[in-house]
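Asks: This is the structure I want to talk about, given as structure tokens.
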Amino acid sequence: MTIDPAQPYGPLVHTTVRLVTWNVWGGFTSWPDRFEALKLELARCEPDVIALQEWTDGGQAGELASRLGFGHVALAKGGDEEALACAILSRWPVVRRETYGLAGGRMPGTALLAEIDGPRGTLQVASTIIGSFHLAESEVRQQQVRQLVEQVTAATSRQHPTIVCGDFNAPPDSDEIRMLTGRAAPAVERVAFYDAWEVAGDGGPGHTWSNANPWAAPGLLPDRRFDYVFSAWPRAGGAGHPVRCEVIGARLPYPSDHFGLLAELRY
């Protein structure tokens, strides 16, 4: 097979999918007011797919989907830990969904994989929360990330864009993130992802956990980027490649203790 070095993926597609990932801290302090703020911010972003973590219940997912004009919702509850529930909302049909528990540590993680029948082909989107948030639990997070990548790799096709997004509770220079971005030994051989913020952000730190956020400040943690949109190696036409990424929800009234991310990827 001969590859044209000027167009290794063939002619690039210029249409995009708009995807939001957000840990929304559902059900906790001032949730009714924060839920209203969340709806307003998501409507402003006009996403096609939304991946949520620390979600609450199906009724509110349906309400949010209705408000945004979405017709399709997938939910995954993290065992007995409702705080670790994930959701995926989509403008387009979800034709398959799988839920994975990520074992390890005092708080297991959760992942929800949705296969979406979009207008320009299949999208494979995983919403995840890595459960261990203590600064000293990198080893546990690495264990959960390995399970996540193994499960997603086994369940997806390399022909279609694969996006793994969510709250990883780890900064970009951590071993658990480095194994995802090709800077350390990968969880699965020859599987690495692009970090949408690194590729297409504004060049800033992209903090999604910030002491500027009054909901986050009581935790006394350093400002960090904990939330990510990862995309697998670009497919034909560069499908899945990030072209834009921005932090959202970083203004009053703050909808969550995390800020979210909006990414546009070739599709």
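Each chain of the structure tokens is named A, B, ... in the order shown, its residues numbered from 1; ligands are numbered from 1 in display order.
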Name all residues at most 9 Å from Pro255 of chain A (count only C-alpha atoms; drop same-chain ones fewer than 6 positions away) and give them as a ChimeraX atom specification.

Replies: /A:24-25,31,33-39,41,249

Asks: Which parts of segment 25-223 of chain A does DSSP call strand (DSSP E) when run on the backbone here, written out as a ChimeraX atom specification?

Replies: /A:49-53,72-78,81-90,94-102,109-118,121-129,162-167,193-195

Asks: Set the distance at 9 Å and use only C-alpha atoms: which residues neighbour Tyr228 of chain A once local chain neighbours fewer than 4 positions away are removed? I'd like the list as a PyMOL selection string.

Replies: chain A and resi 21+164-168+195-197+260-261

Asks: Considering only alpha helix (DSSP H) as DSSP defines it on the backbone, what residues of segment 70-265 of chain A qualify? List them as a list in words.

Replies: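 Residues meeting the alpha helix (DSSP H) criterion: Ser138, Glu139, Val140, Arg141, Gln142, Gln143, Gln144, Val145, Arg146, Gln147, Leu148, Val149, Glu150, Gln151, Val152, Thr153, Ala154, Ala155, Asp175, Glu176, Ile177, Arg178, Ala196, Trp197, Glu198, Val199 and Ala200 of chain A.
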
Asks: What lies within 12 Å of Arg178 of chain A using only C-alpha atoms, ignoring chain neighbours under 4 positions off, as a ChimeraX atom specification?

Replies: /A:138,141-142,145-146,168,170-174,182-187,192-195,230
